[in-house]
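S.K.: Data file model.cif (mmCIF, C-alpha atoms) is appended below.
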```cif
data_start
#
loop_
_atom_site.label_atom_id
_atom_site.label_comp_id
_atom_site.auth_asym_id
_atom_site.auth_seq_id
_atom_site.Cartn_x
_atom_site.Cartn_y
_atom_site.Cartn_z
CA MET A 6 -19.08 -7.37 -0.56
CA THR A 7 -21.31 -5.53 1.88
CA VAL A 8 -22.93 -2.44 0.42
CA ALA A 9 -21.50 0.50 2.32
CA HIS A 10 -23.80 2.33 4.70
CA LEU A 11 -21.10 4.56 6.18
CA PRO A 12 -18.72 6.69 4.12
CA LEU A 13 -15.51 4.86 3.23
CA LEU A 14 -12.57 7.23 3.21
CA ILE A 15 -9.53 5.81 1.42
CA VAL A 16 -6.48 7.46 2.97
CA ALA A 17 -3.34 7.38 0.83
CA HIS A 18 0.12 8.73 1.50
CA GLY A 19 0.17 11.46 -1.14
CA SER A 20 2.93 12.44 -3.55
CA ARG A 21 4.27 15.33 -5.59
CA ASP A 22 3.95 13.03 -8.60
CA PRO A 23 0.42 13.49 -10.03
CA ARG A 24 0.37 9.87 -11.23
CA SER A 25 0.10 8.75 -7.62
CA ALA A 26 -3.09 10.64 -6.74
CA ALA A 27 -4.59 9.75 -10.12
CA THR A 28 -4.04 6.06 -9.39
CA VAL A 29 -5.64 6.37 -5.95
CA ARG A 30 -8.71 8.07 -7.44
CA ALA A 31 -8.94 5.40 -10.13
CA LEU A 32 -8.75 2.72 -7.44
CA ALA A 33 -11.63 4.43 -5.63
CA ASP A 34 -13.65 4.07 -8.83
CA VAL A 35 -12.92 0.34 -8.85
CA VAL A 36 -14.04 0.11 -5.21
CA ARG A 37 -17.32 1.80 -6.14
CA THR A 38 -17.81 -0.65 -8.99
CA ARG A 39 -17.31 -3.61 -6.66
CA SER A 40 -19.71 -2.19 -4.06
CA PRO A 41 -22.53 -0.34 -5.84
CA GLY A 42 -23.99 2.41 -3.72
CA ALA A 43 -20.87 2.77 -1.61
CA ASP A 44 -19.99 6.32 -0.60
CA VAL A 45 -16.27 6.20 -1.35
CA ARG A 46 -14.07 9.25 -0.82
CA VAL A 47 -10.31 9.83 -1.08
CA ALA A 48 -7.92 11.77 1.16
CA PHE A 49 -4.16 12.10 1.52
CA LEU A 50 -1.80 12.32 4.45
CA ASP A 51 0.49 14.79 2.71
CA LEU A 52 1.43 16.44 -0.58
CA SER A 53 -1.89 15.81 -2.36
CA ALA A 54 -5.42 17.14 -1.91
CA PRO A 55 -7.77 16.80 -0.19
CA SER A 56 -6.08 16.37 3.15
CA VAL A 57 -7.52 14.00 5.73
CA GLY A 58 -8.75 16.98 7.74
CA ASP A 59 -10.46 18.61 4.78
CA ALA A 60 -12.10 15.37 3.69
CA LEU A 61 -13.46 14.63 7.18
CA ALA A 62 -14.64 18.21 7.61
CA GLY A 63 -16.42 17.97 4.27
CA LEU A 64 -18.17 14.75 5.26
CA TYR A 65 -19.15 16.32 8.58
CA ALA A 66 -20.61 19.35 6.79
CA GLU A 67 -22.72 16.95 4.71
CA GLY A 68 -24.22 15.58 7.92
CA HIS A 69 -22.14 12.44 8.42
CA ARG A 70 -21.21 11.64 11.99
CA HIS A 71 -19.42 8.32 11.52
CA VAL A 72 -16.77 7.61 8.89
CA VAL A 73 -14.61 4.55 8.23
CA ALA A 74 -11.07 5.45 7.17
CA VAL A 75 -9.18 2.72 5.30
CA PRO A 76 -5.43 3.41 5.13
CA LEU A 77 -4.02 2.63 1.70
CA LEU A 78 -0.80 1.52 3.37
CA LEU A 79 1.12 -1.72 3.17
CA GLY A 80 2.39 -1.95 6.73
CA HIS A 81 2.26 -0.64 10.29
CA ALA A 82 4.94 2.00 9.88
CA TYR A 83 4.91 5.63 11.02
CA HIS A 84 1.99 6.79 8.89
CA ALA A 85 -0.29 4.02 10.18
CA ARG A 86 0.85 4.04 13.80
CA VAL A 87 1.33 7.77 14.42
CA ASP A 88 0.49 10.11 11.56
CA LEU A 89 -3.05 9.05 10.66
CA PRO A 90 -4.27 8.55 14.26
CA ALA A 91 -2.94 12.01 15.19
CA LEU A 92 -4.70 13.65 12.24
CA VAL A 93 -7.95 11.89 13.05
CA ASP A 94 -7.70 12.87 16.73
CA GLU A 95 -7.15 16.48 15.75
CA VAL A 96 -10.23 16.55 13.52
CA THR A 97 -12.56 14.68 15.87
CA GLY A 98 -11.45 16.96 18.69
CA SER A 99 -12.83 19.97 16.84
CA LEU A 100 -16.00 18.46 15.32
CA PRO A 101 -18.64 17.50 17.92
CA ARG A 102 -19.95 13.94 17.75
CA LEU A 103 -17.85 12.95 14.75
CA SER A 104 -16.44 9.44 15.13
CA VAL A 105 -13.91 7.90 12.80
CA THR A 106 -13.17 4.19 12.72
CA VAL A 107 -9.67 3.63 11.41
CA ALA A 108 -9.48 0.25 9.68
CA ASP A 109 -6.40 -1.92 9.52
CA VAL A 110 -3.80 -1.30 6.82
CA LEU A 111 -4.10 -3.28 3.60
CA GLY A 112 -0.85 -5.19 3.75
CA PRO A 113 0.34 -7.75 4.06
CA ASP A 114 -2.40 -9.74 2.35
CA PRO A 115 -2.23 -12.81 0.08
CA LEU A 116 -4.32 -11.04 -2.55
CA LEU A 117 -1.82 -8.19 -2.74
CA GLU A 118 1.03 -10.68 -3.08
CA GLU A 119 -0.85 -12.27 -5.97
CA VAL A 120 -1.13 -8.90 -7.67
CA ALA A 121 2.59 -8.18 -7.23
CA LEU A 122 3.50 -11.59 -8.67
CA ASP A 123 1.11 -11.11 -11.58
CA ARG A 124 2.69 -7.72 -12.32
CA LEU A 125 6.06 -9.49 -12.55
CA ALA A 126 4.69 -12.13 -14.89
CA ALA A 127 3.01 -9.49 -17.05
CA GLY A 128 6.39 -7.82 -17.48
CA GLY A 129 7.98 -11.06 -18.67
CA ALA A 130 9.57 -12.41 -15.48
CA ASP A 131 9.52 -16.18 -15.08
CA LEU A 132 9.86 -17.21 -11.45
CA ALA A 133 10.57 -20.75 -12.58
CA ASP A 134 13.89 -19.47 -14.01
CA PRO A 135 16.70 -20.44 -11.59
CA ASP A 136 18.93 -17.76 -13.12
CA LEU A 137 16.49 -14.99 -12.23
CA GLY A 138 17.00 -12.77 -9.22
CA VAL A 139 13.92 -10.89 -8.00
CA VAL A 140 14.04 -7.83 -5.77
CA LEU A 141 10.87 -7.15 -3.79
CA ALA A 142 11.13 -3.38 -3.45
CA ALA A 143 9.26 -1.44 -0.76
CA VAL A 144 9.42 2.06 0.68
CA GLY A 145 11.32 1.19 3.88
CA SER A 146 10.68 2.33 7.44
CA SER A 147 12.51 3.24 10.63
CA HIS A 148 10.12 0.75 12.28
CA ASP A 149 11.89 -2.61 11.99
CA ALA A 150 8.69 -4.63 12.24
CA ALA A 151 7.35 -3.03 9.07
CA ASN A 152 10.52 -3.94 7.18
CA ASP A 153 10.41 -7.47 8.58
CA VAL A 154 7.02 -8.01 6.93
CA VAL A 155 8.51 -7.26 3.50
CA ALA A 156 11.50 -9.49 4.19
CA ARG A 157 9.15 -12.29 5.25
CA ILE A 158 7.20 -12.01 2.00
CA ALA A 159 10.44 -12.15 0.02
CA ARG A 160 11.53 -15.28 1.91
CA GLY A 161 8.18 -16.89 1.19
CA TRP A 162 8.54 -16.22 -2.53
CA ASP A 163 12.12 -17.44 -2.45
CA GLY A 164 10.99 -20.73 -0.93
CA ARG A 165 8.19 -21.33 -3.42
CA HIS A 166 9.93 -20.50 -6.69
CA SER A 167 13.14 -21.39 -8.51
CA ALA A 168 14.09 -17.73 -8.85
CA ARG A 169 16.01 -16.20 -5.95
CA VAL A 170 14.16 -13.39 -4.14
CA ALA A 171 15.41 -10.67 -1.79
CA ALA A 172 13.77 -7.65 -0.19
CA ALA A 173 15.06 -4.11 -0.73
CA PHE A 174 14.02 -0.65 0.42
CA ALA A 175 13.94 2.79 -1.15
CA SER A 176 14.70 4.65 2.08
CA ALA A 177 15.20 4.37 5.85
CA ALA A 178 16.22 0.69 5.77
CA ARG A 179 18.73 -1.70 4.27
CA PRO A 180 19.47 -3.33 1.94
CA ASP A 181 18.83 -0.89 -0.87
CA VAL A 182 18.19 -2.15 -4.40
CA PRO A 183 21.85 -2.23 -5.55
CA ALA A 184 22.85 -4.17 -2.43
CA ALA A 185 20.01 -6.65 -2.93
CA ILE A 186 21.01 -7.20 -6.56
CA THR A 187 24.62 -7.71 -5.51
CA ARG A 188 23.47 -10.32 -3.00
CA LEU A 189 21.32 -12.09 -5.59
CA ARG A 190 24.20 -12.06 -8.08
CA ALA A 191 26.43 -13.69 -5.47
CA HIS A 192 23.84 -16.47 -5.23
CA GLY A 193 24.01 -17.13 -8.96
CA ALA A 194 21.41 -14.81 -10.46
CA ARG A 195 22.19 -13.69 -14.01
CA ARG A 196 18.98 -11.87 -14.88
CA PHE A 197 17.04 -9.50 -12.63
CA ALA A 198 13.53 -8.23 -12.04
CA VAL A 199 12.07 -5.83 -9.52
CA ALA A 200 8.67 -6.49 -7.95
CA SER A 201 6.86 -3.40 -6.70
CA TRP A 202 5.46 -3.35 -3.16
CA PHE A 203 3.88 0.02 -3.88
CA PHE A 204 0.31 0.94 -4.70
CA ALA A 205 1.01 3.66 -7.24
CA PRO A 206 3.74 5.08 -9.46
CA GLY A 207 5.72 7.97 -8.06
CA LEU A 208 9.12 9.33 -7.15
CA LEU A 209 10.23 6.41 -4.98
CA PRO A 210 9.26 3.69 -7.47
CA ASP A 211 11.05 5.69 -10.17
CA ARG A 212 14.13 5.89 -7.93
CA ILE A 213 14.03 2.13 -7.44
CA GLY A 214 13.83 1.53 -11.17
CA ALA A 215 16.74 3.86 -11.82
CA SER A 216 18.85 2.16 -9.14
CA ALA A 217 18.14 -1.26 -10.62
CA ALA A 218 19.08 -0.06 -14.10
CA GLU A 219 22.43 1.26 -12.87
CA VAL A 220 23.61 -2.03 -11.41
CA ALA A 221 21.68 -4.44 -13.66
CA PRO A 222 21.05 -2.90 -17.09
CA GLY A 223 17.99 -4.42 -18.69
CA ALA A 224 16.42 -5.43 -15.38
CA LEU A 225 12.66 -5.79 -15.60
CA VAL A 226 10.79 -3.40 -13.31
CA ALA A 227 7.20 -4.47 -12.62
CA ALA A 228 4.31 -2.05 -12.32
CA PRO A 229 2.90 -1.18 -8.88
CA LEU A 230 -0.24 -2.84 -7.50
CA GLY A 231 -2.39 -0.05 -8.90
CA THR A 232 -6.08 -0.46 -9.64
CA ASP A 233 -6.29 -4.23 -9.78
CA PRO A 234 -9.73 -5.40 -8.57
CA ARG A 235 -8.04 -7.51 -5.91
CA VAL A 236 -6.65 -4.34 -4.33
CA ALA A 237 -10.20 -2.95 -4.24
CA ALA A 238 -11.37 -6.22 -2.70
CA VAL A 239 -8.86 -5.83 0.16
CA VAL A 240 -10.02 -2.22 0.71
CA LEU A 241 -13.58 -3.47 1.09
CA ASP A 242 -12.45 -6.34 3.32
CA ARG A 243 -10.79 -3.87 5.70
CA TYR A 244 -13.91 -1.69 5.62
CA ASP A 245 -16.14 -4.65 6.49
CA GLU A 246 -13.78 -5.77 9.27
CA ALA A 247 -13.86 -2.29 10.78
CA LEU A 248 -17.66 -2.19 10.65
CA THR A 249 -18.00 -5.52 12.44
CA GLY A 250 -15.39 -4.63 15.04
CA ALA A 251 -12.94 -7.33 13.93
CA ALA A 252 -10.35 -4.58 13.43
CA GLY A 253 -10.14 -0.83 13.60
CA THR A 254 -9.98 1.89 16.20
CA VAL A 255 -12.85 4.28 16.83
CA ARG A 256 -11.93 7.87 17.51
CA THR A 257 -14.57 10.34 18.56
CA ALA A 258 -14.77 13.80 20.06
#
```
Show me the file's structure as structure tokens.

M.R.:
Amino acid sequence: MTVAHLPLLIVAHGSRDPRSAATVRALADVVRTRSPGADVRVAFLDLSAPSVGDALAGLYAEGHRHVVAVPLLLGHAYHARVDLPALVDEVTGSLPRLSVTVADVLGPDPLLEEVALDRLAAGGADLADPDLGVVLAAVGSSHDAANDVVARIARGWDGRHSARVAAAFASAARPDVPAAITRLRAHGARRFAVASWFFAPGLLPDRIGASAAEVAPGALVAAPLGTDPRVAAVVLDRYDEALTGAAGTVRTA
């Protein structure tokens, strides 16, 4: 990976659950390990500190005038399309000569799919089992295109493995986890596992696990993507793409 010469600001969603922010900070440590000398910072869109505005203002106060923000997001839903750009515009509008290049979101990416599948295997799920039904669980969005990406990943897994696979969403979209399990059961699944299309533990992943347990007691619930080095590799890939202009949007005062 390219050694960073501009600050890399990892921007996560934020959560009331402290495990979420702790995971993001631990991931930032992995990014630093993979790119020695990189100036890696962390910020949150909501609910956790520091905020995006505070983090950018802090970098500006240190003398930085160009920052690359990498959204720790899995799709082009509201936070990527509206929330983060608006926050960045607000900050750059008040800080002279500060420019922020917003990189592309992390997902979808084959490396992240590998991590999610490995999390399933680590929990004991065997995708070669034709009696297994796998739910690929994601947050859900009012933006249909973001949900379609998750559904497409689930269809790809379904086509490559003996286990049946269906997408499900924690909020704002259908099917939910119970409905997905019902659908998989109708297609012959007798055992169930839930794959996590989340970066970190938190309230929504916990809700998904509880929903799965209600309709399929004993269902395996895989861990989120977390601090796997491949997640850090995708963060650095998006950073490099933004630097070279292959992706990313520059916002400046």

S.K.: Please report, as AutoDock Vina command-line options, the centre and edge lengths in Å to one decimal of an axis-aligned box covering all listed atoms of segment 185-188 of chain A with 8 Å per side.

M.R.:
```
--center_x 22.3 --center_y -8.5 --center_z -4.7 --size_x 20.6 --size_y 19.7 --size_z 19.6
```

S.K.: Would you list the contacts of segment 33-37 of chain A as JSON, numbers by chain, taking every protein, DNA or RNA residue within 10 Å and counting only C-alpha atoms, but skipping same-chain residues closer than 2 positions in sequence?

M.R.: {"A": [8, 9, 13, 14, 15, 27, 28, 29, 30, 31, 39, 40, 41, 42, 43, 44, 45, 46, 47, 232, 233, 234, 235, 236, 237, 238, 239, 240, 241]}

S.K.: Might you pull out every residue within 12 Å of segment 116-121 of chain A, with only C-alpha atoms counted and same-chain residues fewer than 6 positions away left off, and present them as number ranges by chain?

M.R.: A: 77-79, 110, 127-128, 130, 139-143, 154-155, 157-159, 161-162, 198-205, 226-240, 242

S.K.: Write out as a list in words the residues lying within 10 Å of Ala175 of chain A, counting all atoms listed in the file and excluding same-chain residues fewer than 5 positions away.

M.R.: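 Listing them by chain and then by number gives Ala142, Ala143, Val144, Gly145, Ser146, Pro180, Asp181, Val182, Leu209, Pro210, Asp211, Arg212, Ile213 and Ser216 of chain A.
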
S.K.: How many Å lie between atom CA of Val72 of chain A and atom CA of Val107 of chain A, rounded to one decimal?

M.R.: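 About the pair atom CA of Val72 of chain A and atom CA of Val107 of chain A: they are 8.5 Å apart.
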
S.K.: Write out as a list in words each polymer residue whose atoms come within 9 Å of Leu61 of chain A, counting all atoms listed in the file; drop sequence neighbours fewer than 3 positions from it.

M.R.: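 Selected residues are Leu14, Ala48, Ser56, Val57, Gly58, Leu64, Tyr65, Ala66, Val72, Val93, Val96, Thr97, Leu103 and Val105 of chain A.
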
S.K.: To one decimal place in Å, what is the distance between atom CA of Arg195 of chain A and atom CA of Asp123 of chain A?

M.R.: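 Going from atom CA of Arg195 of chain A over to atom CA of Asp123 of chain A, I get 21.4 Å.
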
S.K.: Please measure the separation of atom CA of Ala151 of chain A and atom CA of His166 of chain A, giving the value in Å to one decimal.

M.R.: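 Taking atom CA of Ala151 of chain A as the start and atom CA of His166 of chain A as the end point, the length is 23.7 Å.
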
S.K.: List the spatial neighbours of Arg179 of chain A as an MDAnalysis selection string - criterion: any atom at most 10 Å away, only C-alpha atoms, same-chain residues fewer than 5 positions off excluded.

M.R.: chainID A and resid 145:146 152 172:174 184:185

S.K.: Do you know which residues the PyMOL selection byres ((chain A and resi 168) around 7) returns on this file, as number ranges by chain?

M.R.: A: 132-139, 163, 166-167, 169-170

S.K.: Between A:Asp245, A:Asp22, A:Asp51, A:Asp153, which residue has the minimum interatomic distance to Leu208 of chain A, considering only C-alpha atoms?

M.R.: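 Closest candidate: A:Asp22.
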
S.K.: Determine the nearest neighbour of His71 of chain A from the options A:Leu52, A:Leu100, A:Val87, A:Ala218, counting only C-alpha atoms.

M.R.: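 Answer, going by the shortest atom-to-atom distance: A:Leu100.
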
S.K.: With distances taken over all atoms listed in the file, which of A:Ala171, A:Ala17, A:Leu11, A:Ala156 is nearest to Leu189 of chain A?

M.R.: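 Looking only at the distances to Leu189 of chain A, the closest residue turns out to be A:Ala171.
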
S.K.: Considering only C-alpha atoms, state which residue in the set A:Asp114, A:Arg165, A:Thr38, A:Ala62 is at the smallest distance from Gly98 of chain A.

M.R.: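 With only C-alpha atoms as the atom set, the closest residue is A:Ala62.
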